[in-house]
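Colleague: Sending over coords22.cif (mmCIF, C-alpha atoms).
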data_upload
#
loop_
_atom_site.group_PDB
_atom_site.id
_atom_site.type_symbol
_atom_site.label_atom_id
_atom_site.label_comp_id
_atom_site.auth_asym_id
_atom_site.auth_seq_id
_atom_site.Cartn_x
_atom_site.Cartn_y
_atom_site.Cartn_z
ATOM 1 C CA MET A 229 114.881 68.695 121.875
ATOM 2 C CA LYS A 230 111.698 67.540 120.214
ATOM 3 C CA ARG A 231 108.946 65.747 122.152
ATOM 4 C CA LYS A 232 107.109 63.184 120.076
ATOM 5 C CA GLY A 233 104.915 61.797 122.850
ATOM 6 C CA ILE A 234 103.158 65.070 123.726
ATOM 7 C CA PHE A 235 99.819 63.882 122.355
ATOM 8 C CA LEU A 236 99.971 60.657 124.348
ATOM 9 C CA ASP A 237 100.880 62.661 127.463
ATOM 10 C CA LEU A 238 97.901 64.960 126.924
ATOM 11 C CA ILE A 239 95.540 62.038 126.344
ATOM 12 C CA ILE A 240 96.707 60.310 129.544
ATOM 13 C CA LEU A 241 96.521 63.503 131.609
ATOM 14 C CA GLY A 242 93.093 64.347 130.180
ATOM 15 C CA THR A 243 91.764 60.856 130.871
ATOM 16 C CA ILE A 244 92.981 60.925 134.475
ATOM 17 C CA SER A 245 91.477 64.375 134.938
ATOM 18 C CA ILE A 246 88.115 63.252 133.545
ATOM 19 C CA ILE A 247 88.104 60.166 135.809
ATOM 20 C CA PHE A 248 88.772 62.311 138.890
ATOM 21 C CA ASN A 249 86.043 64.709 137.769
ATOM 22 C CA LEU A 250 83.526 61.875 137.320
ATOM 23 C CA LEU A 251 84.390 60.505 140.776
ATOM 24 C CA ASP A 252 84.062 64.031 142.206
ATOM 25 C CA ILE A 253 87.617 63.899 143.605
ATOM 26 C CA ARG A 254 89.349 67.245 143.950
ATOM 27 C CA VAL A 255 93.118 66.812 143.649
ATOM 28 C CA CYS A 256 94.081 70.492 143.554
ATOM 29 C CA PRO A 257 96.692 70.914 146.308
ATOM 30 C CA PHE A 258 96.153 74.691 146.346
ATOM 31 C CA PHE A 259 92.434 74.282 147.059
ATOM 32 C CA ASN A 260 93.028 71.483 149.569
ATOM 33 C CA LEU A 261 95.554 73.602 151.514
ATOM 34 C CA PHE A 262 93.967 77.064 151.379
ATOM 35 C CA ASN A 263 90.315 76.280 150.543
ATOM 36 C CA ILE A 264 90.329 78.779 147.662
ATOM 37 C CA PRO A 265 90.441 77.894 143.957
ATOM 38 C CA CYS A 266 93.670 78.225 141.996
ATOM 39 C CA PRO A 267 93.844 79.569 138.412
ATOM 40 C CA GLY A 268 93.536 76.005 137.100
ATOM 41 C CA CYS A 269 90.424 75.108 139.070
ATOM 42 C CA GLY A 270 87.502 74.437 136.760
ATOM 43 C CA LEU A 271 89.613 73.714 133.669
ATOM 44 C CA THR A 272 88.455 70.113 133.321
ATOM 45 C CA ARG A 273 84.806 71.090 133.695
ATOM 46 C CA SER A 274 85.366 73.959 131.254
ATOM 47 C CA VAL A 275 86.820 71.698 128.560
ATOM 48 C CA LEU A 276 84.148 69.033 129.158
ATOM 49 C CA SER A 277 81.498 71.722 128.671
ATOM 50 C CA LEU A 278 83.202 72.760 125.430
ATOM 51 C CA LEU A 279 83.114 69.196 124.199
ATOM 52 C CA LYS A 280 79.339 69.290 124.796
ATOM 53 C CA PHE A 281 79.197 72.605 122.838
ATOM 54 C CA ASP A 282 78.102 74.450 125.993
ATOM 55 C CA ILE A 283 80.250 77.557 125.661
ATOM 56 C CA LYS A 284 78.335 79.512 128.310
ATOM 57 C CA SER A 285 79.012 76.887 131.011
ATOM 58 C CA SER A 286 82.600 76.587 129.850
ATOM 59 C CA LEU A 287 83.143 80.303 130.388
ATOM 60 C CA LYS A 288 81.502 80.119 133.823
ATOM 61 C CA TYR A 289 83.869 77.377 134.999
ATOM 62 C CA ASN A 290 87.141 78.865 133.696
ATOM 63 C CA PHE A 291 87.686 80.965 130.586
ATOM 64 C CA LEU A 292 91.189 79.514 130.208
ATOM 65 C CA GLY A 293 89.538 76.281 129.099
ATOM 66 C CA ILE A 294 88.504 77.930 125.830
ATOM 67 C CA ILE A 295 91.968 79.436 125.342
ATOM 68 C CA PHE A 296 93.652 76.066 125.929
ATOM 69 C CA PHE A 297 91.137 74.229 123.747
ATOM 70 C CA ILE A 298 91.551 76.659 120.828
ATOM 71 C CA GLY A 299 95.333 76.594 121.238
ATOM 72 C CA PHE A 300 95.309 72.801 121.231
ATOM 73 C CA ILE A 301 93.159 72.704 118.066
ATOM 74 C CA PHE A 302 95.502 75.178 116.339
ATOM 75 C CA TYR A 303 98.490 73.102 117.426
ATOM 76 C CA LEU A 304 96.877 69.926 116.053
ATOM 77 C CA ILE A 305 96.227 71.643 112.725
ATOM 78 C CA ALA A 306 99.767 73.061 112.623
ATOM 79 C CA HIS A 307 101.182 69.642 113.507
ATOM 80 C CA PHE A 308 99.129 68.008 110.757
ATOM 81 C CA PHE A 309 100.507 70.471 108.182
ATOM 82 C CA GLY A 310 104.053 70.378 109.596
ATOM 83 C CA LYS A 311 103.984 74.013 110.727
ATOM 84 C CA THR A 312 104.711 73.575 114.438
ATOM 85 C CA ASN A 313 107.708 75.870 114.047
ATOM 86 C CA LEU A 314 105.229 78.791 114.307
ATOM 87 C CA PHE A 315 104.415 77.738 117.865
ATOM 88 C CA ASN A 316 108.050 76.999 118.659
ATOM 89 C CA ASN A 317 109.140 80.439 117.424
ATOM 90 C CA PHE A 318 106.539 82.096 119.644
ATOM 91 C CA LEU A 319 107.573 80.037 122.672
ATOM 92 C CA GLU A 320 111.240 80.937 122.167
ATOM 93 C CA ASN A 321 110.439 84.543 123.097
ATOM 94 C CA LYS A 322 110.337 83.702 126.794
ATOM 95 C CA LYS A 323 109.775 87.229 128.099
ATOM 96 C CA ILE A 324 106.533 87.665 126.173
ATOM 97 C CA VAL A 325 105.300 84.167 127.064
ATOM 98 C CA ILE A 326 106.070 84.729 130.766
ATOM 99 C CA MET A 327 104.392 88.156 130.823
ATOM 100 C CA ILE A 328 101.248 86.864 129.075
ATOM 101 C CA SER A 329 101.139 83.824 131.380
ATOM 102 C CA ILE A 330 101.486 85.879 134.560
ATOM 103 C CA LEU A 331 98.844 88.351 133.405
ATOM 104 C CA LEU A 332 96.400 85.556 132.525
ATOM 105 C CA LEU A 333 97.032 83.762 135.830
ATOM 106 C CA ILE A 334 96.375 86.926 137.848
ATOM 107 C CA ILE A 335 93.165 87.671 135.932
ATOM 108 C CA VAL A 336 91.916 84.098 136.266
ATOM 109 C CA GLU A 337 92.745 83.934 139.980
ATOM 110 C CA ILE A 338 90.766 87.122 140.636
ATOM 111 C CA ILE A 339 87.816 85.704 138.676
ATOM 112 C CA ASN A 340 88.083 82.287 140.370
ATOM 113 C CA LEU A 341 88.080 83.815 143.873
ATOM 114 C CA ASN A 342 84.588 85.147 143.129
ATOM 115 C CA ASN A 343 83.340 82.058 141.247
ATOM 116 C CA GLN A 344 80.936 80.123 143.471
ATOM 117 C CA LEU A 345 80.945 77.164 141.045
ATOM 118 C CA LEU A 346 84.492 76.321 142.143
ATOM 119 C CA TYR A 347 83.879 76.068 145.888
#
Please lay out the structure from this file as structure tokens.
Modeller:
Amino acid sequence: MKRKGIFLDLIILGTISIIFNLLDIRVCPFFNLFNIPCPGCGLTRSVLSLLKFDIKSSLKYNFLGIIFFIGFIFYLIAHFFGKTNLFNNFLENKKIVIMISILLLIIVEIINLNNQLLY
């Protein structure tokens, strides 16, 4: 099953996220329930810092922002050249993707628990 509207979805989600960030509204249910940041906390601020070419601030907010941003750029380039099957082949190996994802989430959660910028 091929999704053709993924770029529109990402643009809509990104726009909503930026609007909430500008209004200083925190919609993270994990933070609102437990008062501690989740692995995704700081991603919007991280990507916004990247767009301003402020890599240092981006890393301080959440280093996953750089990983997602670079992955998105590579996906755009692959999509432009019709080579998205490289990404699809990688994603088909679910065990590796799940293991990498879990490892990254644990690392980021440990970092975020000690990140005063996210409280």
Colleague: If the PyMOL selection byres ((chain A and resi 256) around 9) were run on this exact file, what residues would it hold? Put them as a PDB file with C-alpha atoms, in the frame of the given file.
Modeller:
ATOM      1  CA  ARG A 254      89.349  67.245 143.950  1.00  0.00           C
ATOM      2  CA  VAL A 255      93.118  66.812 143.649  1.00  0.00           C
ATOM      3  CA  PRO A 257      96.692  70.914 146.308  1.00  0.00           C
ATOM      4  CA  PHE A 258      96.153  74.691 146.346  1.00  0.00           C
ATOM      5  CA  PHE A 259      92.434  74.282 147.059  1.00  0.00           C
ATOM      6  CA  ASN A 260      93.028  71.483 149.569  1.00  0.00           C
ATOM      7  CA  LEU A 261      95.554  73.602 151.514  1.00  0.00           C
ATOM      8  CA  PRO A 265      90.441  77.894 143.957  1.00  0.00           C
ATOM      9  CA  CYS A 266      93.670  78.225 141.996  1.00  0.00           C
ATOM     10  CA  GLY A 268      93.536  76.005 137.100  1.00  0.00           C
ATOM     11  CA  CYS A 269      90.424  75.108 139.070  1.00  0.00           C
TER      12      CYS A 269
END
Colleague: By how many Å are CA of Ser245 in chain A and CA of Gly293 in chain A apart?
Modeller: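 CA of Gly293 in chain A lies at a distance of 13.4 Å from CA of Ser245 in chain A.
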Colleague: Would you kindly translate the PyMOL selection byres ((chain A and resi 312-316) around 12) into the concrete residues it picks from this file, as a list in words?
Modeller: Met229, Lys230, Arg231, Gly299, Phe300, Phe302, Tyr303, Leu304, Ile305, Ala306, His307, Phe308, Phe309, Gly310, Lys311, Asn317, Phe318, Leu319, Glu320, Asn321, Lys322 and Val325 of chain A
Colleague: Write out as a ChimeraX atom specification each polymer residue whose atoms come within 10 Å of range 246-251 of chain A, counting all atoms listed in the file; drop sequence neighbours fewer than 4 positions from it.
Modeller: /A:240-242,255,270,272-273,275-276
Colleague: Those same residues - C-alpha atoms - I'd like them written as a PDB file, keeping the file's coordinate frame.
Modeller:
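The resulting file, part_4.pdb, is reproduced below:
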ATOM      1  CA  ILE A 240      96.707  60.310 129.544  1.00  0.00           C
ATOM      2  CA  LEU A 241      96.521  63.503 131.609  1.00  0.00           C
ATOM      3  CA  GLY A 242      93.093  64.347 130.180  1.00  0.00           C
ATOM      4  CA  VAL A 255      93.118  66.812 143.649  1.00  0.00           C
ATOM      5  CA  GLY A 270      87.502  74.437 136.760  1.00  0.00           C
ATOM      6  CA  THR A 272      88.455  70.113 133.321  1.00  0.00           C
ATOM      7  CA  ARG A 273      84.806  71.090 133.695  1.00  0.00           C
ATOM      8  CA  VAL A 275      86.820  71.698 128.560  1.00  0.00           C
ATOM      9  CA  LEU A 276      84.148  69.033 129.158  1.00  0.00           C
TER      10      LEU A 276
END
Colleague: CA of Glu337 in chain A and CA of Ser285 in chain A are how many Å apart?
Modeller: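 Result for CA of Glu337 in chain A versus CA of Ser285 in chain A: 17.9 Å, one decimal.
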Colleague: Where does the PyMOL selection byres ((chain A and resi 292) around 10) land in this file, that is, which residues does it pick, as a ChimeraX atom specification?
Modeller: /A:267-271,274-275,286-287,289-291,293-298,332-333,336
Colleague: Around range 276-286 of chain A, with edges along x, y and z and 8 Å added on all six sides, what centre and edge lengths do you get, in Å to one decimal, as AutoDock Vina command-line options?
Modeller:
--center_x 81.1 --center_y 74.3 --center_z 126.9 --size_x 22.0 --size_y 26.5 --size_z 24.2
Colleague: Interatomic distance between CA of Met327 in chain A and CA of Leu238 in chain A?
Modeller: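 So the answer is 24.4 Å.
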Colleague: Between A:Ile328, A:Leu236, A:Leu341, A:Ile334, single out the one closest to Asn263 in chain A, counting all atoms listed in the file.
Modeller: A:Leu341
Colleague: With distances taken over all atoms listed in the file, which residue among A:Lys288, A:Asp237, A:Phe262, A:Leu278 lies nearest Leu345 in chain A?
Modeller: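 Comparing A:Lys288, A:Asp237, A:Phe262, A:Leu278 against Leu345 in chain A, the winner is A:Lys288.
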